[in-house]
Each structure stands twice: as C-alpha cells, then as structure tokens.
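Colleague: This is entry_7.pdb, which holds PDB, C-alpha atoms, pLDDT in the B column:
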```pdb
ATOM      1  CA  MET A   1       0.000   0.000   0.000  1.00 73.00           C
ATOM      2  CA  GLN A   2       2.892   2.346   0.703  1.00 82.00           C
ATOM      3  CA  ASP A   3       4.076   2.161  -2.911  1.00 93.00           C
ATOM      4  CA  VAL A   4       0.562   2.856  -4.218  1.00 96.00           C
ATOM      5  CA  LEU A   5       0.104   5.897  -1.985  1.00 97.00           C
ATOM      6  CA  ARG A   6       3.573   7.268  -2.627  1.00 97.00           C
ATOM      7  CA  GLY A   7       3.214   6.792  -6.380  1.00 97.00           C
ATOM      8  CA  HIS A   8      -0.128   8.595  -6.306  1.00 97.00           C
ATOM      9  CA  LEU A   9       1.224  11.542  -4.322  1.00 98.00           C
ATOM     10  CA  GLU A  10       4.350  11.805  -6.462  1.00 97.00           C
ATOM     11  CA  LYS A  11       2.266  12.293  -9.601  1.00 97.00           C
ATOM     12  CA  ILE A  12       1.812  15.830  -8.243  1.00 97.00           C
ATOM     13  CA  ILE A  13       4.510  16.459  -5.627  1.00 98.00           C
ATOM     14  CA  PRO A  14       8.050  15.101  -5.180  1.00 97.00           C
ATOM     15  CA  LEU A  15       8.690  13.529  -1.781  1.00 97.00           C
ATOM     16  CA  THR A  16      11.776  12.649   0.170  1.00 97.00           C
ATOM     17  CA  ASP A  17      11.858   9.394   2.127  1.00 97.00           C
ATOM     18  CA  GLU A  18      11.606  11.425   5.345  1.00 97.00           C
ATOM     19  CA  GLU A  19       8.533  13.306   4.122  1.00 97.00           C
ATOM     20  CA  PHE A  20       6.775  10.118   3.086  1.00 97.00           C
ATOM     21  CA  ALA A  21       7.694   8.501   6.424  1.00 97.00           C
ATOM     22  CA  PHE A  22       5.836  11.396   8.067  1.00 98.00           C
ATOM     23  CA  ILE A  23       2.830  11.174   5.716  1.00 98.00           C
ATOM     24  CA  GLU A  24       2.211   7.431   5.627  1.00 97.00           C
ATOM     25  CA  PRO A  25       1.122   6.874   9.278  1.00 97.00           C
ATOM     26  CA  HIS A  26      -1.700   9.425   8.861  1.00 98.00           C
ATOM     27  CA  PHE A  27      -3.571   6.983   6.613  1.00 98.00           C
ATOM     28  CA  LEU A  28      -5.553   3.994   7.878  1.00 98.00           C
ATOM     29  CA  LEU A  29      -5.920   0.926   5.672  1.00 98.00           C
ATOM     30  CA  ARG A  30      -9.450  -0.522   5.570  1.00 98.00           C
ATOM     31  CA  LYS A  31     -11.088  -3.272   3.545  1.00 98.00           C
ATOM     32  CA  TYR A  32     -14.786  -3.323   2.697  1.00 98.00           C
ATOM     33  CA  LYS A  33     -17.008  -5.924   1.077  1.00 98.00           C
ATOM     34  CA  LYS A  34     -19.301  -5.369  -1.890  1.00 98.00           C
ATOM     35  CA  HIS A  35     -22.433  -3.421  -0.801  1.00 97.00           C
ATOM     36  CA  GLN A  36     -20.802  -2.365   2.475  1.00 98.00           C
ATOM     37  CA  PHE A  37     -21.157   1.317   3.400  1.00 98.00           C
ATOM     38  CA  LEU A  38     -18.236   3.596   4.160  1.00 98.00           C
ATOM     39  CA  ILE A  39     -20.597   6.554   4.702  1.00 98.00           C
ATOM     40  CA  GLN A  40     -24.349   6.548   5.329  1.00 97.00           C
ATOM     41  CA  GLU A  41     -26.670   9.524   4.974  1.00 96.00           C
ATOM     42  CA  GLY A  42     -27.345  11.157   8.322  1.00 95.00           C
ATOM     43  CA  MET A  43     -24.172   9.831   9.953  1.00 96.00           C
ATOM     44  CA  PRO A  44     -20.991  11.783  10.749  1.00 96.00           C
ATOM     45  CA  VAL A  45     -18.264  11.645   8.082  1.00 97.00           C
ATOM     46  CA  LYS A  46     -14.921  10.758   9.640  1.00 96.00           C
ATOM     47  CA  TYR A  47     -12.728  10.295   6.556  1.00 98.00           C
ATOM     48  CA  VAL A  48     -11.912  11.032   2.966  1.00 98.00           C
ATOM     49  CA  TYR A  49     -11.061   7.835   1.117  1.00 98.00           C
ATOM     50  CA  PHE A  50      -8.329   7.031  -1.372  1.00 98.00           C
ATOM     51  CA  VAL A  51      -9.248   3.938  -3.391  1.00 98.00           C
ATOM     52  CA  VAL A  52      -6.396   1.421  -3.519  1.00 98.00           C
ATOM     53  CA  SER A  53      -8.504  -1.296  -5.148  1.00 97.00           C
ATOM     54  CA  GLY A  54     -12.170  -1.774  -5.919  1.00 97.00           C
ATOM     55  CA  LEU A  55     -14.981   0.542  -6.888  1.00 97.00           C
ATOM     56  CA  LEU A  56     -17.165   2.904  -4.837  1.00 98.00           C
ATOM     57  CA  LYS A  57     -20.312   4.888  -5.603  1.00 97.00           C
ATOM     58  CA  LEU A  58     -21.507   8.124  -4.010  1.00 97.00           C
ATOM     59  CA  VAL A  59     -25.307   8.245  -3.835  1.00 96.00           C
ATOM     60  CA  HIS A  60     -28.025  10.654  -2.762  1.00 95.00           C
ATOM     61  CA  THR A  61     -31.455   9.268  -1.903  1.00 92.00           C
ATOM     62  CA  ASP A  62     -34.285  11.731  -2.509  1.00 90.00           C
ATOM     63  CA  ASP A  63     -37.443  12.062  -0.414  1.00 90.00           C
ATOM     64  CA  SER A  64     -39.283   9.502  -2.555  1.00 91.00           C
ATOM     65  CA  GLY A  65     -36.518   6.928  -1.986  1.00 88.00           C
ATOM     66  CA  LYS A  66     -35.032   7.199  -5.464  1.00 87.00           C
ATOM     67  CA  GLN A  67     -31.260   6.882  -5.531  1.00 87.00           C
ATOM     68  CA  GLN A  68     -29.238   9.255  -7.683  1.00 90.00           C
ATOM     69  CA  ILE A  69     -25.636   8.296  -8.301  1.00 93.00           C
ATOM     70  CA  ILE A  70     -23.420  11.345  -7.983  1.00 93.00           C
ATOM     71  CA  SER A  71     -20.099   9.717  -8.798  1.00 93.00           C
ATOM     72  CA  PHE A  72     -18.037   6.572  -8.959  1.00 95.00           C
ATOM     73  CA  ALA A  73     -14.509   6.148  -7.611  1.00 96.00           C
ATOM     74  CA  LEU A  74     -12.074   3.657  -9.102  1.00 94.00           C
ATOM     75  CA  GLU A  75      -8.518   2.872  -8.086  1.00 96.00           C
ATOM     76  CA  ASP A  76      -6.352   5.958  -7.639  1.00 95.00           C
ATOM     77  CA  TRP A  77      -9.395   8.200  -7.012  1.00 95.00           C
ATOM     78  CA  TRP A  78     -10.531  10.018  -3.859  1.00 97.00           C
ATOM     79  CA  GLU A  79     -14.114  10.139  -2.599  1.00 97.00           C
ATOM     80  CA  SER A  80     -16.171  11.310   0.371  1.00 97.00           C
ATOM     81  CA  ASP A  81     -19.097  13.511   1.300  1.00 97.00           C
ATOM     82  CA  TYR A  82     -16.749  16.481   1.318  1.00 96.00           C
ATOM     83  CA  GLN A  83     -19.150  19.040   2.764  1.00 96.00           C
ATOM     84  CA  ALA A  84     -19.944  16.809   5.725  1.00 97.00           C
ATOM     85  CA  PHE A  85     -16.263  15.890   6.143  1.00 97.00           C
ATOM     86  CA  TYR A  86     -14.952  19.463   6.191  1.00 96.00           C
ATOM     87  CA  THR A  87     -17.802  20.835   8.322  1.00 96.00           C
ATOM     88  CA  GLN A  88     -17.920  17.722  10.525  1.00 95.00           C
ATOM     89  CA  SER A  89     -21.655  17.496   9.964  1.00 95.00           C
ATOM     90  CA  GLU A  90     -24.038  14.695   9.003  1.00 96.00           C
ATOM     91  CA  ALA A  91     -23.690  13.123   5.589  1.00 97.00           C
ATOM     92  CA  THR A  92     -26.128  14.012   2.823  1.00 96.00           C
ATOM     93  CA  PHE A  93     -24.692  11.226   0.650  1.00 97.00           C
ATOM     94  CA  SER A  94     -23.967   7.553   1.103  1.00 97.00           C
ATOM     95  CA  LEU A  95     -20.750   5.941  -0.076  1.00 98.00           C
ATOM     96  CA  ASP A  96     -20.751   2.215  -0.639  1.00 97.00           C
ATOM     97  CA  CYS A  97     -18.839  -0.491  -2.432  1.00 98.00           C
ATOM     98  CA  VAL A  98     -19.809  -1.674  -5.895  1.00 97.00           C
ATOM     99  CA  GLU A  99     -16.984  -4.233  -5.538  1.00 97.00           C
ATOM    100  CA  ASP A 100     -14.884  -5.477  -2.636  1.00 98.00           C
ATOM    101  CA  SER A 101     -12.620  -2.498  -1.974  1.00 98.00           C
ATOM    102  CA  THR A 102      -9.452  -1.521  -0.158  1.00 98.00           C
ATOM    103  CA  VAL A 103      -9.117   2.133   0.799  1.00 98.00           C
ATOM    104  CA  LEU A 104      -6.803   4.423   2.683  1.00 98.00           C
ATOM    105  CA  CYS A 105      -8.713   6.644   5.125  1.00 98.00           C
ATOM    106  CA  LEU A 106      -7.608  10.136   6.079  1.00 98.00           C
ATOM    107  CA  SER A 107      -9.234  11.934   9.021  1.00 98.00           C
ATOM    108  CA  LEU A 108      -9.780  15.683   9.130  1.00 98.00           C
ATOM    109  CA  GLU A 109      -7.235  15.993  11.938  1.00 98.00           C
ATOM    110  CA  SER A 110      -4.619  14.122   9.897  1.00 98.00           C
ATOM    111  CA  TYR A 111      -5.469  16.147   6.804  1.00 98.00           C
ATOM    112  CA  GLN A 112      -4.980  19.390   8.738  1.00 98.00           C
ATOM    113  CA  THR A 113      -1.742  18.131  10.290  1.00 98.00           C
ATOM    114  CA  LEU A 114      -0.340  17.131   6.900  1.00 98.00           C
ATOM    115  CA  CYS A 115      -1.262  20.478   5.339  1.00 97.00           C
ATOM    116  CA  ALA A 116       0.148  22.485   8.255  1.00 97.00           C
ATOM    117  CA  SER A 117       3.360  20.458   8.453  1.00 97.00           C
ATOM    118  CA  LEU A 118       4.099  19.978   4.757  1.00 97.00           C
ATOM    119  CA  PRO A 119       3.170  22.751   2.312  1.00 96.00           C
ATOM    120  CA  LYS A 120       3.669  20.141  -0.431  1.00 97.00           C
ATOM    121  CA  MET A 121       0.674  18.239   0.892  1.00 98.00           C
ATOM    122  CA  GLU A 122      -1.422  21.381   0.951  1.00 97.00           C
ATOM    123  CA  HIS A 123      -0.469  21.865  -2.705  1.00 97.00           C
ATOM    124  CA  PHE A 124      -1.338  18.219  -3.445  1.00 97.00           C
ATOM    125  CA  PHE A 125      -4.816  18.507  -1.911  1.00 97.00           C
ATOM    126  CA  LEU A 126      -5.458  21.854  -3.612  1.00 96.00           C
ATOM    127  CA  GLU A 127      -4.552  20.319  -6.969  1.00 97.00           C
ATOM    128  CA  LYS A 128      -6.837  17.308  -6.331  1.00 96.00           C
ATOM    129  CA  ALA A 129      -9.682  19.606  -5.245  1.00 95.00           C
ATOM    130  CA  ASN A 130      -9.277  21.779  -8.340  1.00 95.00           C
ATOM    131  CA  ARG A 131      -9.313  18.764 -10.643  1.00 94.00           C
ATOM    132  CA  GLY A 132     -12.366  17.371  -8.866  1.00 91.00           C
ATOM    133  CA  TYR A 133     -14.170  20.688  -9.132  1.00 92.00           C
ATOM    134  CA  MET A 134     -13.442  20.899 -12.868  1.00 93.00           C
ATOM    135  CA  ALA A 135     -14.699  17.339 -13.397  1.00 89.00           C
ATOM    136  CA  LEU A 136     -17.883  18.156 -11.474  1.00 89.00           C
ATOM    137  CA  GLN A 137     -18.476  21.227 -13.640  1.00 92.00           C
ATOM    138  CA  ARG A 138     -18.023  19.158 -16.809  1.00 89.00           C
ATOM    139  CA  ARG A 139     -20.490  16.574 -15.470  1.00 87.00           C
ATOM    140  CA  LEU A 140     -23.093  19.223 -14.607  1.00 89.00           C
ATOM    141  CA  LEU A 141     -22.700  20.899 -17.982  1.00 90.00           C
ATOM    142  CA  ALA A 142     -23.069  17.547 -19.759  1.00 87.00           C
ATOM    143  CA  LEU A 143     -26.236  16.765 -17.788  1.00 84.00           C
ATOM    144  CA  MET A 144     -27.706  20.148 -18.741  1.00 88.00           C
ATOM    145  CA  THR A 145     -26.630  20.399 -22.372  1.00 91.00           C
ATOM    146  CA  THR A 146     -26.181  16.956 -23.921  1.00 88.00           C
ATOM    147  CA  GLN A 147     -28.465  14.105 -24.818  1.00 88.00           C
ATOM    148  CA  ALA A 148     -28.229  10.873 -22.843  1.00 84.00           C
ATOM    149  CA  GLN A 149     -26.584   8.939 -25.681  1.00 87.00           C
ATOM    150  CA  GLU A 150     -23.856  11.573 -25.972  1.00 89.00           C
ATOM    151  CA  ARG A 151     -23.233  11.398 -22.200  1.00 87.00           C
ATOM    152  CA  TYR A 152     -22.926   7.616 -22.504  1.00 88.00           C
ATOM    153  CA  GLU A 153     -20.455   7.937 -25.392  1.00 89.00           C
ATOM    154  CA  GLN A 154     -18.399  10.482 -23.433  1.00 89.00           C
ATOM    155  CA  LEU A 155     -18.302   8.112 -20.469  1.00 87.00           C
ATOM    156  CA  LEU A 156     -17.176   5.254 -22.730  1.00 87.00           C
ATOM    157  CA  LYS A 157     -14.404   7.428 -24.130  1.00 90.00           C
ATOM    158  CA  GLN A 158     -13.216   8.950 -20.839  1.00 87.00           C
ATOM    159  CA  HIS A 159     -13.585   5.938 -18.529  1.00 88.00           C
ATOM    160  CA  PRO A 160     -13.867   2.672 -20.481  1.00 89.00           C
ATOM    161  CA  ALA A 161     -12.838   0.592 -17.448  1.00 87.00           C
ATOM    162  CA  LEU A 162     -15.684   2.077 -15.429  1.00 87.00           C
ATOM    163  CA  VAL A 163     -18.264   1.118 -18.049  1.00 86.00           C
ATOM    164  CA  GLN A 164     -16.939  -2.461 -18.027  1.00 88.00           C
ATOM    165  CA  ARG A 165     -17.111  -2.778 -14.228  1.00 93.00           C
ATOM    166  CA  VAL A 166     -20.347  -0.992 -13.316  1.00 92.00           C
ATOM    167  CA  PRO A 167     -23.693  -2.801 -13.666  1.00 89.00           C
ATOM    168  CA  LYS A 168     -25.971  -1.254 -16.306  1.00 88.00           C
ATOM    169  CA  THR A 169     -28.586  -0.314 -13.706  1.00 89.00           C
ATOM    170  CA  LEU A 170     -26.025   1.836 -11.873  1.00 91.00           C
ATOM    171  CA  LEU A 171     -24.681   3.338 -15.096  1.00 90.00           C
ATOM    172  CA  ALA A 172     -28.229   4.281 -16.087  1.00 88.00           C
ATOM    173  CA  SER A 173     -28.755   6.044 -12.748  1.00 88.00           C
ATOM    174  CA  TYR A 174     -25.453   7.897 -13.116  1.00 89.00           C
ATOM    175  CA  LEU A 175     -26.360   9.036 -16.632  1.00 88.00           C
ATOM    176  CA  GLY A 176     -29.914   9.990 -15.630  1.00 84.00           C
ATOM    177  CA  VAL A 177     -31.663   7.494 -17.934  1.00 86.00           C
ATOM    178  CA  SER A 178     -33.674   4.312 -17.560  1.00 84.00           C
ATOM    179  CA  ARG A 179     -32.023   0.888 -17.779  1.00 85.00           C
ATOM    180  CA  GLU A 180     -33.958   0.253 -20.998  1.00 86.00           C
ATOM    181  CA  THR A 181     -32.681   3.464 -22.603  1.00 85.00           C
ATOM    182  CA  LEU A 182     -29.100   2.579 -21.690  1.00 83.00           C
ATOM    183  CA  SER A 183     -29.562  -0.885 -23.201  1.00 83.00           C
ATOM    184  CA  ARG A 184     -30.506   0.728 -26.519  1.00 84.00           C
ATOM    185  CA  PHE A 185     -27.276   2.794 -26.474  1.00 77.00           C
ATOM    186  CA  SER A 186     -25.038  -0.141 -25.673  1.00 67.00           C
ATOM    187  CA  ALA A 187     -26.655  -2.641 -28.042  1.00 60.00           C
TER     188      ALA A 187
END
```
What is this file in structure tokens?
Modeller:
Amino acid sequence: MQDVLRGHLEKIIPLTDEEFAFIEPHFLLRKYKKHQFLIQEGMPVKYVYFVVSGLLKLVHTDDSGKQQIISFALEDWWESDYQAFYTQSEATFSLDCVEDSTVLCLSLESYQTLCASLPKMEHFFLEKANRGYMALQRRLLALMTTQAQERYEQLLKQHPALVQRVPKTLLASYLGVSRETLSRFSA
C-alpha cells in the first residue's frame, strides 16, 4: 500500500523518504465488502477515502426513496461527502462499495496536520480539489446540455474501465436514464 500511496502523491509532488515517512502513518488501511457502506446519509463523516482497489459509488437518496448516483470512484481516485467531512456534519450522501474495496482513510485531523506540516501536501490537496471541481463542472454541464446517448459515449471514451465494471442499472442512474434506454445505447 505504501508504494501505491507514494506513487499517487508523487504524480503531483516530489517527496523525500523522510517526508513520506511522516505522511504514511496518517492513513488507515481498511477493507470493505461489496455493498458495504463507508458513509451513510445522516451519519458523521470521519474520513476522505483514497481507493487502492475496488470501486465505490456516491449516492443521494431523494425524499421519494429514489437513488441518484453522484459519482463513482475507481482505483487511484478520492471520494467522500466532502461538505460533511470538512464541516464535521451529518452526511447528505452515502458511499458504498460496488466491488470489494481496499481504501486508505484520512481523518480531518490528519489532513490538517499534513497540510500544516508539509506545504507540499497542501499543494497536493489543492490540486486534487481543483481537478475534482473541474470534473464536477463538466459533469453538470453535460447533464444540462447533452443528450443521454452523448453522455454515454463520453463516459465510454473517458472511462472505459468504469463502463466495463459498473452494472448497467447503476450506469443508467449515473447518466440519468432508464435501464432500458441505456440498453438501446449499448446494443
């Protein structure tokens, strides 16, 4: 796990052995089974999660009980209910495993310690946040301005591994279409 985390961090920031030796103990390794929750709506959010292996989905359940998939997180991606994490409030999203998953968990206290102690880590998290924000804007714009088939084709192009690993029912929810409509696109 150390090599995976270090490799991920060093895509953005160079690290000395001493710096990584300081960083590494701030992360907790956890394993979750398929369908197991990391975060449940209404509960406190203790961590942000770095996906070492597996696949997660972030979901909001509306008042009628309908689930809307906000995002997926594959290996080398970060996920959480960020508002609840940073404000230490109750989750408005659920995060659960689409597959058995191994994650590294980072608490708010550890996050703050890393940022205060190593400006490189503050830069790393700022870069990840900026990239995440840009991806979210692209997703929102696509939902507002493109037809469902075009969104599906964009997803195929940008994340082919995701399309292969996610059940069609979940893909349909993510794209905002019915399972039947998605089947027509992928036929």
Colleague: Mind giving me the straight-line distance from CA of Gln68 (chain A) to CA of Ser173 (chain A) in Å, one decimal?
Modeller: 6.0 Å
Colleague: Can you measure CA of Leu29 (chain A) to CA of Pro119 (chain A) for me? One decimal in Å is fine.
Modeller: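 Computed distance, CA of Leu29 (chain A) to CA of Pro119 (chain A), equals 23.9 Å.
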Colleague: Out of A:Val52, A:Leu170, A:Val177, A:Leu118, which residue has the shortest atom-to-atom distance to Trp77 (chain A) when counting only C-alpha atoms?
Modeller: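 Looking only at the distances to Trp77 (chain A), the closest residue turns out to be A:Val52.
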Colleague: Could you check which of A:Val48, A:Ala148, A:Ala116, A:Leu58 is closest to Ser178 (chain A), using all atoms listed in the file?
Modeller: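 Checking each of A:Val48, A:Ala148, A:Ala116, A:Leu58 against Ser178 (chain A), counting all atoms listed in the file, the winner is A:Ala148.
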Colleague: How would you write, as a PDB file with C-alpha atoms, in the frame of the given file, the residues chosen by the PyMOL selection byres ((chain A and resi 166) around 12) on this structure?
Modeller:
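Ended up saving to expr-v6.pdb:
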```pdb
ATOM      1  CA  GLY A  54     -12.170  -1.774  -5.919  1.00 97.00           C
ATOM      2  CA  LEU A  55     -14.981   0.542  -6.888  1.00 97.00           C
ATOM      3  CA  LEU A  56     -17.165   2.904  -4.837  1.00 98.00           C
ATOM      4  CA  LYS A  57     -20.312   4.888  -5.603  1.00 97.00           C
ATOM      5  CA  ILE A  69     -25.636   8.296  -8.301  1.00 93.00           C
ATOM      6  CA  SER A  71     -20.099   9.717  -8.798  1.00 93.00           C
ATOM      7  CA  PHE A  72     -18.037   6.572  -8.959  1.00 95.00           C
ATOM      8  CA  ALA A  73     -14.509   6.148  -7.611  1.00 96.00           C
ATOM      9  CA  LEU A  74     -12.074   3.657  -9.102  1.00 94.00           C
ATOM     10  CA  CYS A  97     -18.839  -0.491  -2.432  1.00 98.00           C
ATOM     11  CA  VAL A  98     -19.809  -1.674  -5.895  1.00 97.00           C
ATOM     12  CA  GLU A  99     -16.984  -4.233  -5.538  1.00 97.00           C
ATOM     13  CA  LEU A 155     -18.302   8.112 -20.469  1.00 87.00           C
ATOM     14  CA  LEU A 156     -17.176   5.254 -22.730  1.00 87.00           C
ATOM     15  CA  HIS A 159     -13.585   5.938 -18.529  1.00 88.00           C
ATOM     16  CA  PRO A 160     -13.867   2.672 -20.481  1.00 89.00           C
ATOM     17  CA  ALA A 161     -12.838   0.592 -17.448  1.00 87.00           C
ATOM     18  CA  LEU A 162     -15.684   2.077 -15.429  1.00 87.00           C
ATOM     19  CA  VAL A 163     -18.264   1.118 -18.049  1.00 86.00           C
ATOM     20  CA  GLN A 164     -16.939  -2.461 -18.027  1.00 88.00           C
ATOM     21  CA  ARG A 165     -17.111  -2.778 -14.228  1.00 93.00           C
ATOM     22  CA  PRO A 167     -23.693  -2.801 -13.666  1.00 89.00           C
ATOM     23  CA  LYS A 168     -25.971  -1.254 -16.306  1.00 88.00           C
ATOM     24  CA  THR A 169     -28.586  -0.314 -13.706  1.00 89.00           C
ATOM     25  CA  LEU A 170     -26.025   1.836 -11.873  1.00 91.00           C
ATOM     26  CA  LEU A 171     -24.681   3.338 -15.096  1.00 90.00           C
ATOM     27  CA  ALA A 172     -28.229   4.281 -16.087  1.00 88.00           C
ATOM     28  CA  SER A 173     -28.755   6.044 -12.748  1.00 88.00           C
ATOM     29  CA  TYR A 174     -25.453   7.897 -13.116  1.00 89.00           C
TER      30      TYR A 174
END
```
Colleague: At what distance in Å, to one decimal, does CA of Gln147 (chain A) lie from CA of Arg184 (chain A)?
Modeller: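 Taking CA of Arg184 (chain A) and CA of Gln147 (chain A), their separation equals 13.6 Å.
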Colleague: Do you know which residues are at most 12 Å from Asp62 (chain A) counting only C-alpha atoms, after dropping those on the same chain fewer than 5 positions away, and could you put them as a list in words?
Modeller: Glu41, Gln67, Gln68, Ile69, Thr92, Phe93 and Ser94 of chain A
Colleague: Can you tell me which residues surround Gly42 (chain A) at a distance of at most 12 Å, considering all atoms listed in the file, apart from same-chain residues fewer than 3 positions away, and format the answer as a PyMOL selection string?
Modeller: chain A and resi 39+45+60-61+81+84+88-95
Colleague: For the file shown, what are the residues hit by the PyMOL selection byres ((chain A and resi 128) around 12), laid out as a list in words?
Modeller: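 So the PyMOL selection byres ((chain A and resi 128) around 12), applied here, picks out His8, Leu9, Lys11, Ile12, Ile13, Phe50, Asp76, Trp77, Trp78, Glu79, Met121, Glu122, His123, Phe124, Phe125, Leu126, Glu127, Ala129, Asn130, Arg131, Gly132, Tyr133, Met134 and Ala135 of chain A.
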Colleague: Quick one: of A:Leu136, A:Arg179, A:Gly7, A:Phe85, who's nearest to Ser107 (chain A), counting all atoms listed in the file?
Modeller: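 Using all atoms listed in the file, Ser107 (chain A) sits closest to A:Phe85.
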Colleague: If I wrap all listed atoms of region 89-101 of chain A in a box with edges along x, y and z and add 3 Å on each side, what are its centre and edge lengths in Å to one decimal, as lines of an AutoDock Vina configuration file?
Modeller:
```
center_x = -19.4
center_y = 6.0
center_z = 2.0
size_x = 19.5
size_y = 29.0
size_z = 21.9
```
Colleague: Hey, can you pull every residue with an atom no more than 10 Å from (-12.8, 0.2, 6.7), using only C-alpha atoms, and send it as a PyMOL selection string?
Modeller: chain A and resi 28-33+36-38+49+101-105
Colleague: Can you give me, as a VMD selection string, the residues this file yields under the PyMOL selection byres ((chain A and resi 17-19) around 12)?
Modeller: chain A and resid 2 to 3 6 9 to 10 13 to 16 20 to 26 114 117 to 121
